[in-house]
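S.K.: Quick one: this structure, given as structure tokens, is what I'll be asking you about.
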Amino acid sequence: MLKKIFIVRHCEAQGQPSESQLTEKGSKQAEYLVDFFSNAKIDRIISSPFLRAIQSVEPLSEKTNIKIEIDERLSERSLSTTDLHDWYEKLKATFIDMELKFEGGESSQEAMDRIVNVVEEVFKSGTDNTVIVSHGNIISLLLKNYNSDFDFECWKNLSNPDVFQINFINNEVFLDRIWEEDKVIKILYIL
């Protein structure tokens with residue numbers, strides 16, 4: 001039996017807080033996601049509760065008439081509750097030491113377990129084709145779970161939006177990046 005999960009990183013947003021909205025370009029990207037998924041059969045859409053994630057799949061939800069399910073476990077990973085002036089280096093270190101934690105934050109392993117639980121539940125569900133929309137850091141940890149070579153450099157190379165397809169075939173997981181950023185940029189420029 002084949003199950004597909006499309007992992008979507010949200011479109012371009014105005015900021016990092018949970019209430020940050022999409023930019024004008026991000027709204028166009030969200031509209032493009034409808035075209036991007038036009039040939040895919042979708043049964044279910046699950047989103048992070050962050051506004052930018054929800055707004056990224058609202059047009060797809062409206063087009064497919066599939067209600068967006070909100071799952072708190074898809075929220076972006078909290079690196080720390082304090083302002084880290086060297087957050088970039090600290091984030092890089094968490095890709096090496098999966099148990100490393102900063103004040104008020106969660107380790108990479110904790111965040112990974114959270115999003116992997118969502119994906120594993122979807123694999124076990126009766127749904128065949130699911131779209132999950134979330135955030136760059138936690139998506140990177142999900143991808144690292146299925147491909148240990150996915151590292152900090154891979155995180156840096158993610159785009160907004162970005163789309164990966166996870167196939168679950170006969171108890172094996174196959175992972176592919178299916179987003180073609182260059183093609184999308186040309187299309188958005190024409191719009």
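How things are named: the first chain in the structure tokens is A, the next is B, and so on; residues count from 1 in each chain; ligands count from 1 in the order shown.
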So which residues touch A:Phe164 within 7 Å, counting only C-alpha atoms, skipping near sequence neighbours fewer than 2 positions away, as a ChimeraX atom specification?
M.R.: /A:6-8,162,166,176-179
S.K.: For A:Val118, list every protein, DNA or RNA residue within 12 Å, evaluated using only C-alpha atoms, and leave out those in the same chain fewer than 3 positions away; present the list as number ranges by chain.
M.R.: A: 5, 7, 46-48, 69-75, 111-115, 121-125, 130-134, 138-139, 142
S.K.: Determine which residues of chain A receive a DSSP assignment of strand (DSSP E), computed from the backbone, and state them as a ChimeraX atom specification.
M.R.: /A:2-9,44-47,68-70,129-134,162-169,172-177
S.K.: Compile the contact shell of A:Lys92 as a list in words: residues with an atom at most 9 Å away, counting only C-alpha atoms, same-chain residues fewer than 6 positions apart removed.
M.R.: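 The filter keeps Asp151, Phe152 and Glu153 of chain A.
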S.K.: Filtering to C-alpha atoms, could you give me those residues as a PDB file, in the first residue's frame?
M.R.:
ATOM      1  CA  ASP A 151      22.089  18.660   8.215  1.00  0.00           C
ATOM      2  CA  PHE A 152      22.416  22.364   8.995  1.00  0.00           C
ATOM      3  CA  GLU A 153      23.559  23.151   5.423  1.00  0.00           C
TER       4      GLU A 153
END
S.K.: Counting only C-alpha atoms, which residue out of A:Ser27, A:Asn147, A:Asn39, A:Ser56 sits closest to A:His135?
M.R.: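 Of A:Ser27, A:Asn147, A:Asn39, A:Ser56, the one nearest A:His135, counting only C-alpha atoms, is A:Ser56.
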S.K.: Given the choices A:Gln21, A:Thr81, A:Gln109, A:Asn171, which gets closest to A:Ala53 if the distance is worked out from only C-alpha atoms?
M.R.: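 Checking each of A:Gln21, A:Thr81, A:Gln109, A:Asn171 against A:Ala53, counting only C-alpha atoms, the winner is A:Gln21.
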S.K.: Residues of stretch 30-187 of chain A in helix (DSSP H, G or I) according to DSSP, as a VMD selection string?
M.R.: chain A and resid 30 to 36 51 to 64 72 to 74 87 to 96 108 to 124 136 to 146 152 to 156 181 to 187
